[in-house]
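A short write-up of the structure that comes next.
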Amino acid sequence: MPHLHMEYTANLPELNADVALIRLNNTLVASGQFAAEFDIKSRAVKVQTFKVGTALGERGFVHVKLALLSGRSAQIKKQLSDSLLAVVHDLCEWPAGVEVQLCVEILDIDRDSYSKTAIGH
Amino acid sequence: MPHLHMEYTANLPELNADVALIRLNNTLVASGQFAAEFDIKSRAVKVQTFKVGTALGERGFVHVKLALLSGRSAQIKKQLSDSLLAVVHDLCEWPAGVEVQLCVEILDIDRDSYSKTAIGH
Amino acid sequence: MPHLHMEYTANLPELNADVALIRLNNTLVASGQFAAEFDIKSRAVKVQTFKVGTALGERGFVHVKLALLSGRSAQIKKQLSDSLLAVVHDLCEWPAGVEVQLCVEILDIDRDSYSKTAIGH
């Protein structure tokens, strides 16, 4: 906890996913919501097969999902969501001629049934 | 919103994922549940490493997840689920000798903490 | 139902994902919680782009998500989570010099809107 997933469509060549994860993780640490930076586990996946809507025209998206152990307030979640969206917005020059949607979703992990261990830490 | 994810196992060679997403998006637009076709963001992933159950014999699956901003009724969700399953069922000739499970799941996105912006729209 | 997803970072070369899914499925069958072994649908994805925390040093993770039709008790979920974590822990020799986090998350699938059909079964 927390787990962050970033999906990005393959038509966004300027987006550097490694850099994106570093910046997103830094933002999570800076939020003060997480006791240990070590706990933040983030991954990015390039989406090769996608379709936005039904109209023609080139479109893409970046979707960030942040999964938190249940218990945080709606206000904290909204602040985290807004701060992650601001990071995504500034990740790169967005390609001209592509309609790009940027989204951040916060979801809860059931705290009671979450299990975890660390090796070599 | 909405976000659609389709997973399909690699042993279903007749399934055309691009065509699948077009048909699924068309079905969502036709449902009348979504104000703008532009909002529908769908992706498909071929699953290379999978295992269904524990018995021998070739098996596969297609799993569609539709994530909606919270607030829709159980009846609407069930209707969406049924209509997407009907589309998946008719996507292709299913291979003889493979037991294929087709599933549709509807889940809620927490509305209050969802953030979004659009570029170039 | 159930659906199991395993993500594992690309810096864990000793982890055999096919073997992992067989063992995880066997554990689910042995739990007695599922009427038919056929219903267990599991997949594994190697995560190529990831970042754990903000510090330098090599880190990785294995994250298992088990999605169940809603209705099971917190106690059952915790038992399933613990038993899956024990399986993950023993999957392989973990690489020296890598801090590896192993996690298991249980989540509910909305039962009322879940649709499913089977072909060739």
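The chains in the structure tokens are called A, B, ... from first to last as shown; in each chain the residues are counted from 1, and the ligands are counted from 1 in the order shown.
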
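All chain A residues having an atom within 8 Å of chain C, based on only C-alpha atoms, amount to A:Ala17, A:Asp18, A:Leu21, A:Ile22, A:Asn25, A:Asn26, A:Glu37, A:Phe38, A:Asp39, A:Ile40, A:Lys41, A:Ser42, A:Arg43, A:Ala44, A:Val45, A:Ile109, A:Asp110, A:Asp112, A:Ser113, A:Tyr114, A:Ser115, A:Lys116, A:Thr117, A:Ala118, A:Ile119, A:Gly120, A:His121.
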
Fewer than 6 positions away in the same chain doesn't count, so skip those; otherwise give me all residues within 7 Å of stretch 90-92 of chain A, counting only C-alpha atoms, as a list of chain:residue names.
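Everything that qualifies: A:Glu14, A:Leu15, A:Ala20.
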
Please return as a ChimeraX atom specification: the residues of chain B that backbone DSSP assigns to strand (DSSP E or B).
/B:3-9,41-47,49-52,59-69,99-109,115-119

Between atom CA of C:Met1 and atom CA of C:Leu24, what is the distance in Å, rounded to a tenth?
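Taking atom CA of C:Met1 and atom CA of C:Leu24, their separation equals 14.5 Å.
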
Check the DSSP output for the backbone and give back, as a ChimeraX atom specification, the residues of chain B in alpha helix (DSSP H).
/B:17-30,74-89

Residues from last step as file, C-alpha atoms, as an mmCIF file, in the first residue's frame:
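Result went into result_37.cif, see below:
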```cif
data_model
loop_
_atom_site.group_PDB
_atom_site.id
_atom_site.type_symbol
_atom_site.label_atom_id
_atom_site.label_comp_id
_atom_site.auth_asym_id
_atom_site.auth_seq_id
_atom_site.Cartn_x
_atom_site.Cartn_y
_atom_site.Cartn_z
ATOM 1 C CA ALA B 17 -9.705 -7.151 -30.317
ATOM 2 C CA ASP B 18 -9.989 -3.951 -32.341
ATOM 3 C CA VAL B 19 -13.344 -4.972 -33.729
ATOM 4 C CA ALA B 20 -14.427 -6.077 -30.272
ATOM 5 C CA LEU B 21 -13.760 -2.645 -28.779
ATOM 6 C CA ILE B 22 -15.684 -0.899 -31.565
ATOM 7 C CA ARG B 23 -18.683 -3.123 -30.996
ATOM 8 C CA LEU B 24 -18.552 -2.789 -27.227
ATOM 9 C CA ASN B 25 -18.306 0.999 -27.465
ATOM 10 C CA ASN B 26 -21.199 1.102 -29.907
ATOM 11 C CA THR B 27 -23.250 -0.896 -27.437
ATOM 12 C CA LEU B 28 -22.437 1.509 -24.629
ATOM 13 C CA VAL B 29 -23.458 4.493 -26.753
ATOM 14 C CA ALA B 30 -26.671 2.745 -27.759
ATOM 15 C CA ALA B 74 -28.567 -2.177 -9.951
ATOM 16 C CA GLN B 75 -31.050 -2.597 -12.785
ATOM 17 C CA ILE B 76 -29.115 -0.352 -15.164
ATOM 18 C CA LYS B 77 -25.884 -2.149 -14.298
ATOM 19 C CA LYS B 78 -27.421 -5.527 -14.988
ATOM 20 C CA GLN B 79 -28.778 -4.328 -18.322
ATOM 21 C CA LEU B 80 -25.355 -3.011 -19.334
ATOM 22 C CA SER B 81 -23.720 -6.244 -18.243
ATOM 23 C CA ASP B 82 -26.153 -8.397 -20.211
ATOM 24 C CA SER B 83 -25.830 -6.310 -23.345
ATOM 25 C CA LEU B 84 -22.029 -6.410 -23.243
ATOM 26 C CA LEU B 85 -22.070 -10.170 -22.698
ATOM 27 C CA ALA B 86 -24.284 -10.583 -25.761
ATOM 28 C CA VAL B 87 -21.752 -8.635 -27.826
ATOM 29 C CA VAL B 88 -18.844 -10.718 -26.542
ATOM 30 C CA HIS B 89 -20.705 -13.938 -27.261
#
```

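The gap separating atom CA of B:Tyr8 from atom CA of C:Gly71 is 26.7 Å, in Å to one decimal.
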
Separation of atom CA of A:Glu93 from atom CA of A:Asn11, in Å and rounded to one decimal
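Between atom CA of A:Glu93 and atom CA of A:Asn11 the gap works out to 12.5 Å.
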